[in-house]
Amino acid sequence: MPNEDRTATQWIAAFASALGTEPPDQTTIDMLLNLAGTAAHASERTAAPIACWLIGRAGLSPADAQRLADTI
């Protein structure tokens, strides 16, 4: 499928497969988008993807990360 024809869900599924893992469910996606929004609105937009990367590095769940982000 050409890249421009992929939905975000399809791209995420393909990327997860390439990484050898399962894609996140819709609840997890929603939590990650909320976390990204918190990071972006609390500073600059570039904080959003970095915050999501950091929770992966730290091994936190999106819900735990959101609670922490809300305190910053």
# chains A, B, ... in the order shown; residues from 1 in each chain; ligands from 1

$ select_by_dssp --residues "chain A" --states "helix (DSSP H, G or I)" --output "ChimeraX atom specification"
/A:3-5,8-19,26-42,47-58,62-69

$ residues_around --residues "A:Thr27" --least-positions-apart "4" --cutoff "12 Å" --atoms "only C-alpha atoms" --output "number ranges by chain"
A: 23, 31-34, 61-63

$ closest_residue --among "A:Ala18, A:Ala47, A:Ile29, A:Leu35" --to "A:Arg67" --atoms "only C-alpha atoms"
A:Leu35

$ atom_distance --atom1 "atom CA of A:Gln10" --atom2 "atom CA of A:Asp64"
26.5 Å

$ residues_around --residues "A:Thr9" --least-positions-apart "3" --cutoff "12 Å" --atoms "only C-alpha atoms" --output "PyMOL selection string"
chain A and resi 5-6+12-16+23-26+29

$ write_last_selection --atoms "N, CA and C atoms" --output "PDB file, in the first residue's frame"
ATOM      1  N   ASP A   5      -1.554   6.443   1.236  1.00  0.00           N
ATOM      2  CA  ASP A   5      -2.868   5.835   1.381  1.00  0.00           C
ATOM      3  C   ASP A   5      -3.080   5.171   2.735  1.00  0.00           C
ATOM      4  N   ARG A   6      -2.065   5.161   3.585  1.00  0.00           N
ATOM      5  CA  ARG A   6      -2.175   4.522   4.888  1.00  0.00           C
ATOM      6  C   ARG A   6      -2.800   5.450   5.909  1.00  0.00           C
ATOM      7  N   ILE A  12       0.846   2.598  12.154  1.00  0.00           N
ATOM      8  CA  ILE A  12       1.269   2.153  13.484  1.00  0.00           C
ATOM      9  C   ILE A  12       1.351   0.625  13.513  1.00  0.00           C
ATOM     10  N   ALA A  13       0.377  -0.043  12.941  1.00  0.00           N
ATOM     11  CA  ALA A  13       0.390  -1.506  12.908  1.00  0.00           C
ATOM     12  C   ALA A  13       1.595  -2.025  12.116  1.00  0.00           C
ATOM     13  N   ALA A  14       1.883  -1.410  10.982  1.00  0.00           N
ATOM     14  CA  ALA A  14       3.029  -1.822  10.171  1.00  0.00           C
ATOM     15  C   ALA A  14       4.340  -1.553  10.906  1.00  0.00           C
ATOM     16  N   PHE A  15       4.433  -0.425  11.574  1.00  0.00           N
ATOM     17  CA  PHE A  15       5.653  -0.085  12.320  1.00  0.00           C
ATOM     18  C   PHE A  15       5.828  -1.037  13.497  1.00  0.00           C
ATOM     19  N   ALA A  16       4.741  -1.325  14.220  1.00  0.00           N
ATOM     20  CA  ALA A  16       4.811  -2.274  15.337  1.00  0.00           C
ATOM     21  C   ALA A  16       5.277  -3.641  14.846  1.00  0.00           C
ATOM     22  N   PRO A  23       0.794  -3.639  18.090  1.00  0.00           N
ATOM     23  CA  PRO A  23       0.440  -2.220  18.123  1.00  0.00           C
ATOM     24  C   PRO A  23      -0.379  -1.925  19.382  1.00  0.00           C
ATOM     25  N   PRO A  24      -0.373  -0.686  19.823  1.00  0.00           N
ATOM     26  CA  PRO A  24      -1.165  -0.328  21.000  1.00  0.00           C
ATOM     27  C   PRO A  24      -2.655  -0.382  20.693  1.00  0.00           C
ATOM     28  N   ASP A  25      -3.442  -0.662  21.732  1.00  0.00           N
ATOM     29  CA  ASP A  25      -4.892  -0.621  21.558  1.00  0.00           C
ATOM     30  C   ASP A  25      -5.360   0.834  21.579  1.00  0.00           C
ATOM     31  N   GLN A  26      -6.616   1.062  21.262  1.00  0.00           N
ATOM     32  CA  GLN A  26      -7.129   2.431  21.151  1.00  0.00           C
ATOM     33  C   GLN A  26      -7.036   3.192  22.465  1.00  0.00           C
ATOM     34  N   ILE A  29      -3.472   4.337  22.759  1.00  0.00           N
ATOM     35  CA  ILE A  29      -3.251   5.429  21.803  1.00  0.00           C
ATOM     36  C   ILE A  29      -3.825   6.735  22.354  1.00  0.00           C
TER      37      ILE A  29
END

$ closest_residue --among "A:Ala36, A:Glu44, A:Leu19, A:Trp53" --to "A:Ala69" --atoms "only C-alpha atoms"
A:Ala36

$ atom_distance --atom1 "atom CA of A:Thr28" --atom2 "atom CA of A:Arg57"
16.4 Å

$ atom_distance --atom1 "atom CA of A:Trp11" --atom2 "atom CA of A:Asp70"
29.0 Å

$ decode --residues "stretch 19-55 of chain A" --atoms "N, CA and C atoms" --output "PDB file, in the first residue's frame"
ATOM      1  N   LEU A  19       8.874  -3.668  14.214  1.00  0.00           N
ATOM      2  CA  LEU A  19       9.614  -3.678  15.482  1.00  0.00           C
ATOM      3  C   LEU A  19       9.505  -5.019  16.204  1.00  0.00           C
ATOM      4  N   GLY A  20       8.613  -5.882  15.723  1.00  0.00           N
ATOM      5  CA  GLY A  20       8.418  -7.178  16.355  1.00  0.00           C
ATOM      6  C   GLY A  20       7.550  -7.123  17.599  1.00  0.00           C
ATOM      7  N   THR A  21       6.600  -6.198  17.621  1.00  0.00           N
ATOM      8  CA  THR A  21       5.719  -6.054  18.773  1.00  0.00           C
ATOM      9  C   THR A  21       4.286  -5.840  18.311  1.00  0.00           C
ATOM     10  N   GLU A  22       3.377  -5.855  19.251  1.00  0.00           N
ATOM     11  CA  GLU A  22       1.969  -5.603  18.945  1.00  0.00           C
ATOM     12  C   GLU A  22       1.707  -4.099  18.933  1.00  0.00           C
ATOM     13  N   PRO A  23       0.794  -3.639  18.090  1.00  0.00           N
ATOM     14  CA  PRO A  23       0.440  -2.220  18.123  1.00  0.00           C
ATOM     15  C   PRO A  23      -0.379  -1.925  19.382  1.00  0.00           C
ATOM     16  N   PRO A  24      -0.373  -0.686  19.823  1.00  0.00           N
ATOM     17  CA  PRO A  24      -1.165  -0.328  21.000  1.00  0.00           C
ATOM     18  C   PRO A  24      -2.655  -0.382  20.693  1.00  0.00           C
ATOM     19  N   ASP A  25      -3.442  -0.662  21.732  1.00  0.00           N
ATOM     20  CA  ASP A  25      -4.892  -0.621  21.558  1.00  0.00           C
ATOM     21  C   ASP A  25      -5.360   0.834  21.579  1.00  0.00           C
ATOM     22  N   GLN A  26      -6.616   1.062  21.262  1.00  0.00           N
ATOM     23  CA  GLN A  26      -7.129   2.431  21.151  1.00  0.00           C
ATOM     24  C   GLN A  26      -7.036   3.192  22.465  1.00  0.00           C
ATOM     25  N   THR A  27      -7.233   2.518  23.594  1.00  0.00           N
ATOM     26  CA  THR A  27      -7.118   3.180  24.897  1.00  0.00           C
ATOM     27  C   THR A  27      -5.699   3.692  25.117  1.00  0.00           C
ATOM     28  N   THR A  28      -4.716   2.867  24.779  1.00  0.00           N
ATOM     29  CA  THR A  28      -3.319   3.273  24.931  1.00  0.00           C
ATOM     30  C   THR A  28      -2.987   4.417  23.982  1.00  0.00           C
ATOM     31  N   ILE A  29      -3.472   4.337  22.759  1.00  0.00           N
ATOM     32  CA  ILE A  29      -3.251   5.429  21.803  1.00  0.00           C
ATOM     33  C   ILE A  29      -3.825   6.735  22.354  1.00  0.00           C
ATOM     34  N   ASP A  30      -5.034   6.670  22.879  1.00  0.00           N
ATOM     35  CA  ASP A  30      -5.657   7.873  23.444  1.00  0.00           C
ATOM     36  C   ASP A  30      -4.839   8.431  24.605  1.00  0.00           C
ATOM     37  N   MET A  31      -4.325   7.550  25.479  1.00  0.00           N
ATOM     38  CA  MET A  31      -3.507   8.007  26.608  1.00  0.00           C
ATOM     39  C   MET A  31      -2.208   8.639  26.124  1.00  0.00           C
ATOM     40  N   LEU A  32      -1.580   8.041  25.097  1.00  0.00           N
ATOM     41  CA  LEU A  32      -0.350   8.612  24.562  1.00  0.00           C
ATOM     42  C   LEU A  32      -0.593   9.975  23.921  1.00  0.00           C
ATOM     43  N   LEU A  33      -1.714  10.105  23.212  1.00  0.00           N
ATOM     44  CA  LEU A  33      -2.044  11.396  22.608  1.00  0.00           C
ATOM     45  C   LEU A  33      -2.319  12.445  23.679  1.00  0.00           C
ATOM     46  N   ASN A  34      -2.955  12.049  24.772  1.00  0.00           N
ATOM     47  CA  ASN A  34      -3.169  12.986  25.881  1.00  0.00           C
ATOM     48  C   ASN A  34      -1.849  13.413  26.497  1.00  0.00           C
ATOM     49  N   LEU A  35      -0.947  12.448  26.706  1.00  0.00           N
ATOM     50  CA  LEU A  35       0.373  12.777  27.246  1.00  0.00           C
ATOM     51  C   LEU A  35       1.116  13.716  26.308  1.00  0.00           C
ATOM     52  N   ALA A  36       1.071  13.429  25.024  1.00  0.00           N
ATOM     53  CA  ALA A  36       1.740  14.288  24.042  1.00  0.00           C
ATOM     54  C   ALA A  36       1.156  15.693  24.084  1.00  0.00           C
ATOM     55  N   GLY A  37      -0.158  15.793  24.237  1.00  0.00           N
ATOM     56  CA  GLY A  37      -0.800  17.103  24.338  1.00  0.00           C
ATOM     57  C   GLY A  37      -0.368  17.853  25.579  1.00  0.00           C
ATOM     58  N   THR A  38      -0.268  17.142  26.695  1.00  0.00           N
ATOM     59  CA  THR A  38       0.197  17.771  27.933  1.00  0.00           C
ATOM     60  C   THR A  38       1.598  18.326  27.749  1.00  0.00           C
ATOM     61  N   ALA A  39       2.490  17.506  27.197  1.00  0.00           N
ATOM     62  CA  ALA A  39       3.876  17.936  26.999  1.00  0.00           C
ATOM     63  C   ALA A  39       3.962  19.120  26.049  1.00  0.00           C
ATOM     64  N   ALA A  40       3.221  19.054  24.955  1.00  0.00           N
ATOM     65  CA  ALA A  40       3.283  20.117  23.949  1.00  0.00           C
ATOM     66  C   ALA A  40       2.711  21.430  24.469  1.00  0.00           C
ATOM     67  N   HIS A  41       1.646  21.352  25.254  1.00  0.00           N
ATOM     68  CA  HIS A  41       1.035  22.584  25.757  1.00  0.00           C
ATOM     69  C   HIS A  41       1.766  23.160  26.965  1.00  0.00           C
ATOM     70  N   ALA A  42       2.537  22.331  27.650  1.00  0.00           N
ATOM     71  CA  ALA A  42       3.283  22.809  28.813  1.00  0.00           C
ATOM     72  C   ALA A  42       4.611  23.439  28.417  1.00  0.00           C
ATOM     73  N   SER A  43       5.042  23.220  27.176  1.00  0.00           N
ATOM     74  CA  SER A  43       6.318  23.787  26.734  1.00  0.00           C
ATOM     75  C   SER A  43       6.262  24.067  25.234  1.00  0.00           C
ATOM     76  N   GLU A  44       6.908  23.212  24.453  1.00  0.00           N
ATOM     77  CA  GLU A  44       6.923  23.338  23.001  1.00  0.00           C
ATOM     78  C   GLU A  44       6.441  22.031  22.382  1.00  0.00           C
ATOM     79  N   ARG A  45       6.002  22.089  21.150  1.00  0.00           N
ATOM     80  CA  ARG A  45       5.495  20.890  20.468  1.00  0.00           C
ATOM     81  C   ARG A  45       6.517  19.762  20.432  1.00  0.00           C
ATOM     82  N   THR A  46       7.789  20.109  20.340  1.00  0.00           N
ATOM     83  CA  THR A  46       8.812  19.059  20.256  1.00  0.00           C
ATOM     84  C   THR A  46       8.882  18.211  21.518  1.00  0.00           C
ATOM     85  N   ALA A  47       8.328  18.691  22.616  1.00  0.00           N
ATOM     86  CA  ALA A  47       8.332  17.904  23.852  1.00  0.00           C
ATOM     87  C   ALA A  47       7.430  16.678  23.738  1.00  0.00           C
ATOM     88  N   ALA A  48       6.436  16.713  22.869  1.00  0.00           N
ATOM     89  CA  ALA A  48       5.461  15.619  22.771  1.00  0.00           C
ATOM     90  C   ALA A  48       6.094  14.284  22.381  1.00  0.00           C
ATOM     91  N   PRO A  49       6.791  14.195  21.240  1.00  0.00           N
ATOM     92  CA  PRO A  49       7.346  12.884  20.894  1.00  0.00           C
ATOM     93  C   PRO A  49       8.460  12.457  21.843  1.00  0.00           C
ATOM     94  N   ILE A  50       9.200  13.424  22.361  1.00  0.00           N
ATOM     95  CA  ILE A  50      10.288  13.077  23.282  1.00  0.00           C
ATOM     96  C   ILE A  50       9.719  12.535  24.591  1.00  0.00           C
ATOM     97  N   ALA A  51       8.613  13.112  25.071  1.00  0.00           N
ATOM     98  CA  ALA A  51       7.970  12.609  26.288  1.00  0.00           C
ATOM     99  C   ALA A  51       7.522  11.162  26.088  1.00  0.00           C
ATOM    100  N   CYS A  52       6.962  10.858  24.929  1.00  0.00           N
ATOM    101  CA  CYS A  52       6.518   9.491  24.654  1.00  0.00           C
ATOM    102  C   CYS A  52       7.708   8.541  24.571  1.00  0.00           C
ATOM    103  N   TRP A  53       8.803   8.981  23.990  1.00  0.00           N
ATOM    104  CA  TRP A  53      10.017   8.170  23.923  1.00  0.00           C
ATOM    105  C   TRP A  53      10.544   7.914  25.330  1.00  0.00           C
ATOM    106  N   LEU A  54      10.538   8.952  26.155  1.00  0.00           N
ATOM    107  CA  LEU A  54      11.044   8.811  27.514  1.00  0.00           C
ATOM    108  C   LEU A  54      10.248   7.803  28.333  1.00  0.00           C
ATOM    109  N   ILE A  55       8.937   7.769  28.179  1.00  0.00           N
ATOM    110  CA  ILE A  55       8.175   6.793  28.971  1.00  0.00           C
ATOM    111  C   ILE A  55       8.492   5.375  28.527  1.00  0.00           C
TER     112      ILE A  55
END
